[in-house]
file input.txt (compact mmCIF, N, CA and C atoms)
# COMPACT_ATOMS: atom_id res chain seq x y z
N MET A 2 45.08 14.09 -0.65
CA MET A 2 45.69 15.36 -0.95
C MET A 2 44.73 16.21 -1.74
N SER A 3 44.99 17.50 -1.75
CA SER A 3 44.08 18.41 -2.44
C SER A 3 44.76 18.94 -3.69
N ASP A 4 43.92 19.44 -4.65
CA ASP A 4 44.46 19.97 -5.90
C ASP A 4 45.03 21.38 -5.73
N SER A 5 44.62 22.08 -4.69
CA SER A 5 45.13 23.44 -4.51
C SER A 5 46.46 23.39 -3.80
N HIS A 6 47.31 24.29 -4.17
CA HIS A 6 48.63 24.34 -3.56
C HIS A 6 49.09 25.78 -3.47
N ALA A 7 50.05 26.04 -2.63
CA ALA A 7 50.48 27.39 -2.34
C ALA A 7 51.55 27.90 -3.30
N GLY A 8 52.38 27.06 -3.85
CA GLY A 8 53.49 27.53 -4.67
C GLY A 8 53.42 26.99 -6.07
N PRO A 9 54.38 27.38 -6.92
CA PRO A 9 54.40 26.91 -8.30
C PRO A 9 54.83 25.44 -8.35
N GLU A 10 54.36 24.77 -9.38
CA GLU A 10 54.75 23.37 -9.63
C GLU A 10 56.23 23.35 -10.00
N GLU A 11 56.78 22.25 -9.97
CA GLU A 11 58.17 22.10 -10.35
C GLU A 11 58.33 22.45 -11.82
N GLY A 12 59.26 23.31 -12.17
CA GLY A 12 59.49 23.70 -13.55
C GLY A 12 58.69 24.94 -13.94
N GLU A 13 57.75 25.36 -13.13
CA GLU A 13 56.95 26.57 -13.40
C GLU A 13 57.65 27.77 -12.80
N ALA A 14 57.57 28.91 -13.46
CA ALA A 14 58.14 30.14 -12.92
C ALA A 14 57.10 30.82 -12.04
N ALA A 15 57.53 31.41 -10.99
CA ALA A 15 56.61 32.15 -10.11
C ALA A 15 56.25 33.46 -10.79
N GLU A 16 54.94 33.82 -10.73
CA GLU A 16 54.50 35.10 -11.32
C GLU A 16 54.90 36.24 -10.40
N PRO A 17 55.41 37.32 -10.98
CA PRO A 17 55.75 38.47 -10.13
C PRO A 17 54.47 39.08 -9.57
N GLU A 18 54.58 39.66 -8.38
CA GLU A 18 53.41 40.32 -7.79
C GLU A 18 53.04 41.50 -8.67
N SER A 19 51.73 41.70 -8.83
CA SER A 19 51.32 42.83 -9.67
C SER A 19 51.70 44.12 -8.96
N LEU A 20 52.34 44.98 -9.71
CA LEU A 20 52.77 46.26 -9.14
C LEU A 20 51.70 47.31 -9.38
N VAL A 21 51.28 47.96 -8.33
CA VAL A 21 50.31 49.05 -8.43
C VAL A 21 51.09 50.33 -8.65
N PRO A 22 50.77 51.05 -9.73
CA PRO A 22 51.52 52.29 -9.95
C PRO A 22 51.28 53.25 -8.80
N GLU A 23 52.35 53.90 -8.40
CA GLU A 23 52.25 54.86 -7.31
C GLU A 23 51.58 56.13 -7.80
N GLU A 24 50.96 56.82 -6.89
CA GLU A 24 50.37 58.12 -7.20
C GLU A 24 51.51 59.08 -7.53
N PRO A 25 51.25 60.08 -8.38
CA PRO A 25 52.31 61.05 -8.67
C PRO A 25 52.80 61.67 -7.37
N SER A 26 54.06 61.88 -7.28
CA SER A 26 54.63 62.41 -6.05
C SER A 26 54.80 63.93 -6.08
N TYR A 27 54.27 64.59 -7.08
CA TYR A 27 54.41 66.04 -7.13
C TYR A 27 53.34 66.69 -6.26
N ASP A 28 53.64 67.86 -5.77
CA ASP A 28 52.69 68.63 -4.98
C ASP A 28 52.54 69.96 -5.69
N PRO A 29 51.34 70.21 -6.27
CA PRO A 29 51.18 71.47 -7.00
C PRO A 29 51.41 72.65 -6.08
N ALA A 30 51.94 73.69 -6.64
CA ALA A 30 52.22 74.89 -5.87
C ALA A 30 50.92 75.52 -5.40
N ALA A 31 50.96 76.11 -4.25
CA ALA A 31 49.80 76.82 -3.71
C ALA A 31 49.63 78.13 -4.49
N PRO A 32 48.41 78.67 -4.49
CA PRO A 32 48.21 79.96 -5.17
C PRO A 32 49.18 81.01 -4.61
N ALA A 33 49.72 81.80 -5.49
CA ALA A 33 50.67 82.84 -5.09
C ALA A 33 50.46 84.08 -5.94
N PRO A 34 50.63 85.25 -5.35
CA PRO A 34 50.48 86.50 -6.13
C PRO A 34 51.48 86.55 -7.28
N LEU A 35 51.03 87.13 -8.39
CA LEU A 35 51.90 87.27 -9.55
C LEU A 35 52.84 88.46 -9.41
N GLY A 36 52.51 89.37 -8.52
CA GLY A 36 53.36 90.53 -8.33
C GLY A 36 53.16 91.60 -9.38
N VAL A 37 52.00 91.62 -10.04
CA VAL A 37 51.72 92.63 -11.06
C VAL A 37 51.28 93.90 -10.35
N GLU A 38 51.98 94.99 -10.64
CA GLU A 38 51.66 96.27 -10.01
C GLU A 38 50.45 96.88 -10.70
N ARG A 39 49.52 97.38 -9.91
CA ARG A 39 48.32 98.02 -10.44
C ARG A 39 48.44 99.52 -10.22
N THR A 40 48.43 100.27 -11.29
CA THR A 40 48.54 101.72 -11.21
C THR A 40 47.15 102.32 -11.15
N PRO A 41 46.87 103.16 -10.15
CA PRO A 41 45.54 103.78 -10.05
C PRO A 41 45.24 104.63 -11.29
N THR A 42 43.97 104.59 -11.71
CA THR A 42 43.55 105.31 -12.91
C THR A 42 42.92 106.66 -12.58
N GLY A 43 42.46 106.83 -11.36
CA GLY A 43 41.77 108.06 -10.99
C GLY A 43 40.26 107.91 -11.04
N HIS A 44 39.75 106.83 -11.61
CA HIS A 44 38.32 106.52 -11.63
C HIS A 44 38.06 105.49 -10.54
N ALA A 45 37.25 105.86 -9.56
CA ALA A 45 37.03 105.00 -8.40
C ALA A 45 36.52 103.60 -8.79
N GLU A 46 35.58 103.55 -9.74
CA GLU A 46 35.02 102.25 -10.14
C GLU A 46 36.08 101.36 -10.81
N VAL A 47 36.88 101.96 -11.66
CA VAL A 47 37.91 101.20 -12.37
C VAL A 47 38.98 100.74 -11.39
N ASP A 48 39.39 101.63 -10.49
CA ASP A 48 40.40 101.27 -9.49
C ASP A 48 39.90 100.16 -8.58
N ALA A 49 38.62 100.18 -8.23
CA ALA A 49 38.05 99.10 -7.40
C ALA A 49 38.10 97.77 -8.16
N GLY A 50 37.83 97.80 -9.46
CA GLY A 50 37.90 96.59 -10.27
C GLY A 50 39.32 96.05 -10.35
N LEU A 51 40.29 96.96 -10.52
CA LEU A 51 41.68 96.52 -10.58
C LEU A 51 42.13 95.94 -9.24
N ALA A 52 41.68 96.54 -8.16
CA ALA A 52 42.01 96.00 -6.83
C ALA A 52 41.37 94.63 -6.65
N ARG A 53 40.18 94.44 -7.18
CA ARG A 53 39.48 93.15 -7.07
C ARG A 53 40.27 92.05 -7.78
N LEU A 54 41.01 92.37 -8.82
CA LEU A 54 41.83 91.37 -9.51
C LEU A 54 42.83 90.72 -8.55
N GLY A 55 43.24 91.46 -7.52
CA GLY A 55 44.15 90.91 -6.53
C GLY A 55 43.56 89.74 -5.78
N ASP A 56 42.23 89.63 -5.75
CA ASP A 56 41.58 88.50 -5.07
C ASP A 56 41.92 87.18 -5.76
N ALA A 57 42.16 87.23 -7.05
CA ALA A 57 42.48 86.01 -7.79
C ALA A 57 43.84 85.45 -7.39
N ASP A 58 44.71 86.30 -6.82
CA ASP A 58 46.04 85.85 -6.42
C ASP A 58 45.99 84.76 -5.36
N HIS A 59 44.92 84.72 -4.59
CA HIS A 59 44.85 83.78 -3.47
C HIS A 59 43.90 82.62 -3.74
N LEU A 60 43.43 82.50 -4.97
CA LEU A 60 42.50 81.42 -5.33
C LEU A 60 43.17 80.43 -6.26
N ALA A 61 42.68 79.20 -6.23
CA ALA A 61 43.10 78.22 -7.23
C ALA A 61 42.55 78.68 -8.57
N THR A 62 43.10 78.18 -9.65
CA THR A 62 42.72 78.67 -10.98
C THR A 62 41.23 78.50 -11.27
N ASP A 63 40.58 77.48 -10.71
CA ASP A 63 39.16 77.31 -10.98
C ASP A 63 38.32 78.40 -10.32
N GLY A 64 38.89 79.19 -9.43
CA GLY A 64 38.17 80.30 -8.81
C GLY A 64 38.40 81.62 -9.51
N HIS A 65 39.33 81.67 -10.46
CA HIS A 65 39.64 82.92 -11.14
C HIS A 65 38.48 83.43 -11.98
N ILE A 66 37.74 82.55 -12.62
CA ILE A 66 36.70 82.97 -13.56
C ILE A 66 35.67 83.88 -12.89
N GLU A 67 35.31 83.55 -11.65
CA GLU A 67 34.33 84.38 -10.94
C GLU A 67 34.86 85.79 -10.74
N VAL A 68 36.12 85.91 -10.36
CA VAL A 68 36.72 87.24 -10.15
C VAL A 68 36.80 87.98 -11.47
N TYR A 69 37.27 87.31 -12.52
CA TYR A 69 37.41 87.97 -13.82
C TYR A 69 36.06 88.44 -14.36
N GLU A 70 35.03 87.62 -14.21
CA GLU A 70 33.70 88.02 -14.70
C GLU A 70 33.17 89.21 -13.91
N ASP A 71 33.41 89.22 -12.61
CA ASP A 71 32.97 90.33 -11.77
C ASP A 71 33.66 91.63 -12.18
N VAL A 72 34.97 91.56 -12.38
CA VAL A 72 35.73 92.75 -12.79
C VAL A 72 35.28 93.20 -14.19
N HIS A 73 35.09 92.26 -15.09
CA HIS A 73 34.65 92.61 -16.45
C HIS A 73 33.31 93.32 -16.41
N ARG A 74 32.38 92.81 -15.61
CA ARG A 74 31.05 93.43 -15.48
C ARG A 74 31.20 94.86 -14.96
N GLY A 75 32.03 95.05 -13.95
CA GLY A 75 32.23 96.40 -13.39
C GLY A 75 32.84 97.36 -14.39
N LEU A 76 33.84 96.90 -15.15
CA LEU A 76 34.46 97.76 -16.14
C LEU A 76 33.49 98.10 -17.28
N ARG A 77 32.69 97.12 -17.67
CA ARG A 77 31.69 97.36 -18.72
C ARG A 77 30.67 98.40 -18.24
N ASP A 78 30.24 98.29 -16.97
CA ASP A 78 29.30 99.26 -16.43
C ASP A 78 29.92 100.67 -16.38
N ALA A 79 31.20 100.74 -16.02
CA ALA A 79 31.88 102.04 -15.97
C ALA A 79 31.96 102.66 -17.36
N LEU A 80 32.24 101.85 -18.37
CA LEU A 80 32.29 102.37 -19.74
C LEU A 80 30.91 102.80 -20.23
N THR A 81 29.89 102.04 -19.88
CA THR A 81 28.53 102.38 -20.27
C THR A 81 28.12 103.71 -19.65
N ALA A 82 28.53 103.93 -18.41
CA ALA A 82 28.20 105.19 -17.73
C ALA A 82 28.83 106.39 -18.43
N LEU A 83 29.97 106.20 -19.08
CA LEU A 83 30.61 107.30 -19.80
C LEU A 83 29.80 107.73 -21.02
N ASP A 84 29.00 106.82 -21.57
CA ASP A 84 28.20 107.13 -22.75
C ASP A 84 26.94 107.91 -22.42
N GLN A 85 26.55 107.94 -21.17
CA GLN A 85 25.33 108.65 -20.79
C GLN A 85 25.64 110.14 -20.69
N ARG A 86 24.76 110.93 -21.24
CA ARG A 86 24.99 112.38 -21.25
C ARG A 86 24.69 112.98 -19.88
N PRO A 87 25.56 113.86 -19.42
CA PRO A 87 25.27 114.54 -18.15
C PRO A 87 24.18 115.58 -18.36
N GLY A 88 23.52 115.95 -17.32
CA GLY A 88 22.50 116.98 -17.41
C GLY A 88 21.19 116.48 -16.82
N PRO A 89 20.19 117.34 -16.90
CA PRO A 89 18.90 116.96 -16.33
C PRO A 89 18.28 115.81 -17.12
N PRO A 90 17.50 114.99 -16.46
CA PRO A 90 16.86 113.89 -17.18
C PRO A 90 15.85 114.42 -18.20
N ALA A 91 15.71 113.72 -19.27
CA ALA A 91 14.75 114.10 -20.31
C ALA A 91 13.33 113.94 -19.77
N PRO A 92 12.42 114.79 -20.20
CA PRO A 92 11.03 114.65 -19.73
C PRO A 92 10.47 113.31 -20.19
N ALA A 93 9.62 112.73 -19.36
CA ALA A 93 9.04 111.42 -19.66
C ALA A 93 8.24 111.49 -20.96
N THR A 94 7.20 112.28 -21.01
CA THR A 94 6.41 112.49 -22.22
C THR A 94 5.77 113.87 -22.13
N ALA A 95 5.50 114.42 -23.25
CA ALA A 95 4.83 115.73 -23.28
C ALA A 95 3.35 115.51 -22.97
N PRO A 96 2.75 116.41 -22.23
CA PRO A 96 1.31 116.26 -21.94
C PRO A 96 0.50 116.31 -23.22
N ALA A 97 -0.52 115.52 -23.31
CA ALA A 97 -1.37 115.50 -24.49
C ALA A 97 -2.25 116.73 -24.50
N PRO A 98 -2.43 117.35 -25.68
CA PRO A 98 -3.30 118.54 -25.75
C PRO A 98 -4.75 118.11 -25.45
N SER A 99 -5.42 118.97 -24.75
CA SER A 99 -6.81 118.62 -24.41
C SER A 99 -7.75 119.18 -25.45
N ASP A 100 -8.82 118.54 -25.68
CA ASP A 100 -9.86 119.01 -26.61
C ASP A 100 -11.00 119.63 -25.80
N ASN A 101 -10.62 120.40 -24.83
CA ASN A 101 -11.60 121.02 -23.98
C ASN A 101 -12.06 122.30 -24.62
N ARG A 102 -13.23 122.27 -25.30
CA ARG A 102 -13.74 123.50 -25.96
C ARG A 102 -14.84 124.07 -25.09
N SER A 103 -14.74 125.33 -24.88
CA SER A 103 -15.83 125.93 -24.10
C SER A 103 -16.61 126.88 -24.92

call {"tool": "encode", "arguments": {"input": "input.txt", "output": "structure tokens"}}
result
Amino acid sequence: MSDSHAGPEEGEAAEPESLVPEEPSYDPAAPAPLGVERTPTGHAEVDAGLARLGDADHLATDGHIEVYEDVHRGLRDALTALDQRPGPPAPATAPAPSDNRS
């Protein structure tokens, strides 16, 4: 006879089969629009940035940062443009006086 055997010895309790925990049964919701209404501002650049925010509605949250950074950059550029004075460009440099003596 052999020392190996298939079942428990007499008086021994059988060990329960190890239970593998099941994977969570939840299914995360798909990306969905928040339904936030965007009111036009009248500034084409700003309105384009606000419209771009709608792109985040269809992305998973890890994709939002790219959209937000793009919109932030555009809004910052639009604000910077407001600080520039309208009018003709300033002259580059004044011509140097010549020491041409005749």

call {"tool": "residues_around", "arguments": {"input": "input.txt", "residues": "Ala61 of chain A", "least_positions_apart": "3", "cutoff": "6 Å", "atoms": "only N, CA and C atoms", "output": "NGL selection string"}}
result
:A and (32 or 64-65)

call {"tool": "closest_residue", "arguments": {"input": "input.txt", "among": "A:Gly43, A:Gly50, A:Pro92, A:Gly55", "to": "Arg77 of chain A", "atoms": "only C-alpha atoms"}}
result
A:Gly50

call {"tool": "residues_around", "arguments": {"input": "input.txt", "residues": "Leu76 of chain A", "least_positions_apart": "5", "cutoff": "12 Å", "atoms": "only C-alpha atoms", "output": "VMD selection string"}}
result
chain A and resid 44 to 51 53 to 54 69 to 71 81 to 83

call {"tool": "decode", "arguments": {"input": "input.txt", "residues": "segment 53-65 of chain A", "atoms": "all heavy atoms", "output": "short mmCIF file (atom, residue, chain, number, x, y, z; two decimals), in the first residue's frame"}}
result
data_model
loop_
_atom_site.label_atom_id
_atom_site.label_comp_id
_atom_site.auth_asym_id
_atom_site.auth_seq_id
_atom_site.Cartn_x
_atom_site.Cartn_y
_atom_site.Cartn_z
N ARG A 53 -15.21 73.53 -26.17
CA ARG A 53 -14.24 72.43 -26.05
C ARG A 53 -14.46 71.67 -24.74
O ARG A 53 -14.20 70.47 -24.68
CB ARG A 53 -12.83 73.01 -26.11
CG ARG A 53 -11.71 72.06 -25.79
CD ARG A 53 -11.19 71.37 -27.03
NE ARG A 53 -9.93 70.70 -26.76
CZ ARG A 53 -9.81 69.40 -26.52
NH1 ARG A 53 -10.86 68.63 -26.53
NH2 ARG A 53 -8.63 68.86 -26.28
N LEU A 54 -14.94 72.32 -23.70
CA LEU A 54 -15.23 71.63 -22.44
C LEU A 54 -16.23 70.49 -22.64
O LEU A 54 -16.21 69.50 -21.93
CB LEU A 54 -15.77 72.60 -21.39
CG LEU A 54 -14.75 73.55 -20.77
CD1 LEU A 54 -15.46 74.54 -19.85
CD2 LEU A 54 -13.67 72.78 -20.03
N GLY A 55 -17.10 70.63 -23.64
CA GLY A 55 -18.06 69.58 -23.94
C GLY A 55 -17.40 68.29 -24.37
O GLY A 55 -17.99 67.21 -24.25
N ASP A 56 -16.15 68.36 -24.85
CA ASP A 56 -15.43 67.14 -25.24
C ASP A 56 -15.18 66.23 -24.04
O ASP A 56 -15.10 65.02 -24.19
CB ASP A 56 -14.10 67.49 -25.90
CG ASP A 56 -14.27 68.19 -27.24
OD1 ASP A 56 -15.39 68.15 -27.79
OD2 ASP A 56 -13.29 68.76 -27.73
N ALA A 57 -15.06 66.82 -22.87
CA ALA A 57 -14.81 66.02 -21.67
C ALA A 57 -16.02 65.17 -21.29
O ALA A 57 -15.88 64.16 -20.62
CB ALA A 57 -14.42 66.93 -20.50
N ASP A 58 -17.21 65.56 -21.77
CA ASP A 58 -18.42 64.80 -21.46
C ASP A 58 -18.36 63.37 -21.97
O ASP A 58 -19.04 62.50 -21.44
CB ASP A 58 -19.65 65.49 -22.05
CG ASP A 58 -20.04 66.76 -21.30
OD1 ASP A 58 -19.54 66.95 -20.18
OD2 ASP A 58 -20.84 67.54 -21.84
N HIS A 59 -17.58 63.13 -23.00
CA HIS A 59 -17.57 61.82 -23.64
C HIS A 59 -16.30 61.03 -23.33
O HIS A 59 -16.07 60.00 -23.93
CB HIS A 59 -17.73 61.98 -25.15
CG HIS A 59 -18.93 62.81 -25.51
ND1 HIS A 59 -20.23 62.37 -25.33
CD2 HIS A 59 -19.04 64.08 -25.97
CE1 HIS A 59 -21.07 63.31 -25.70
NE2 HIS A 59 -20.37 64.37 -26.08
N LEU A 60 -15.49 61.54 -22.41
CA LEU A 60 -14.24 60.87 -22.04
C LEU A 60 -14.31 60.31 -20.63
O LEU A 60 -15.03 60.85 -19.78
CB LEU A 60 -13.07 61.88 -22.11
CG LEU A 60 -12.79 62.52 -23.46
CD1 LEU A 60 -11.74 63.62 -23.29
CD2 LEU A 60 -12.32 61.48 -24.44
N ALA A 61 -13.53 59.28 -20.39
CA ALA A 61 -13.37 58.80 -19.02
C ALA A 61 -12.62 59.88 -18.25
O ALA A 61 -11.95 60.74 -18.84
CB ALA A 61 -12.59 57.49 -19.01
N THR A 62 -12.69 59.84 -16.93
CA THR A 62 -12.10 60.92 -16.13
C THR A 62 -10.61 61.09 -16.37
O THR A 62 -10.10 62.21 -16.26
CB THR A 62 -12.34 60.70 -14.63
OG1 THR A 62 -11.90 59.39 -14.28
CG2 THR A 62 -13.80 60.85 -14.29
N ASP A 63 -9.88 60.03 -16.71
CA ASP A 63 -8.45 60.19 -16.94
C ASP A 63 -8.17 60.98 -18.21
O ASP A 63 -7.05 61.43 -18.43
CB ASP A 63 -7.71 58.85 -16.94
CG ASP A 63 -8.21 57.90 -18.01
OD1 ASP A 63 -9.25 58.19 -18.65
OD2 ASP A 63 -7.56 56.86 -18.22
N GLY A 64 -9.16 61.20 -19.06
CA GLY A 64 -8.98 62.00 -20.26
C GLY A 64 -9.36 63.46 -20.08
O GLY A 64 -9.12 64.29 -20.95
N HIS A 65 -9.96 63.79 -18.94
CA HIS A 65 -10.41 65.17 -18.72
C HIS A 65 -9.25 66.15 -18.62
O HIS A 65 -9.36 67.29 -19.08
CB HIS A 65 -11.24 65.25 -17.44
CG HIS A 65 -12.58 64.60 -17.55
ND1 HIS A 65 -13.53 64.73 -16.57
CD2 HIS A 65 -13.14 63.82 -18.50
CE1 HIS A 65 -14.62 64.07 -16.92
NE2 HIS A 65 -14.39 63.49 -18.09
#
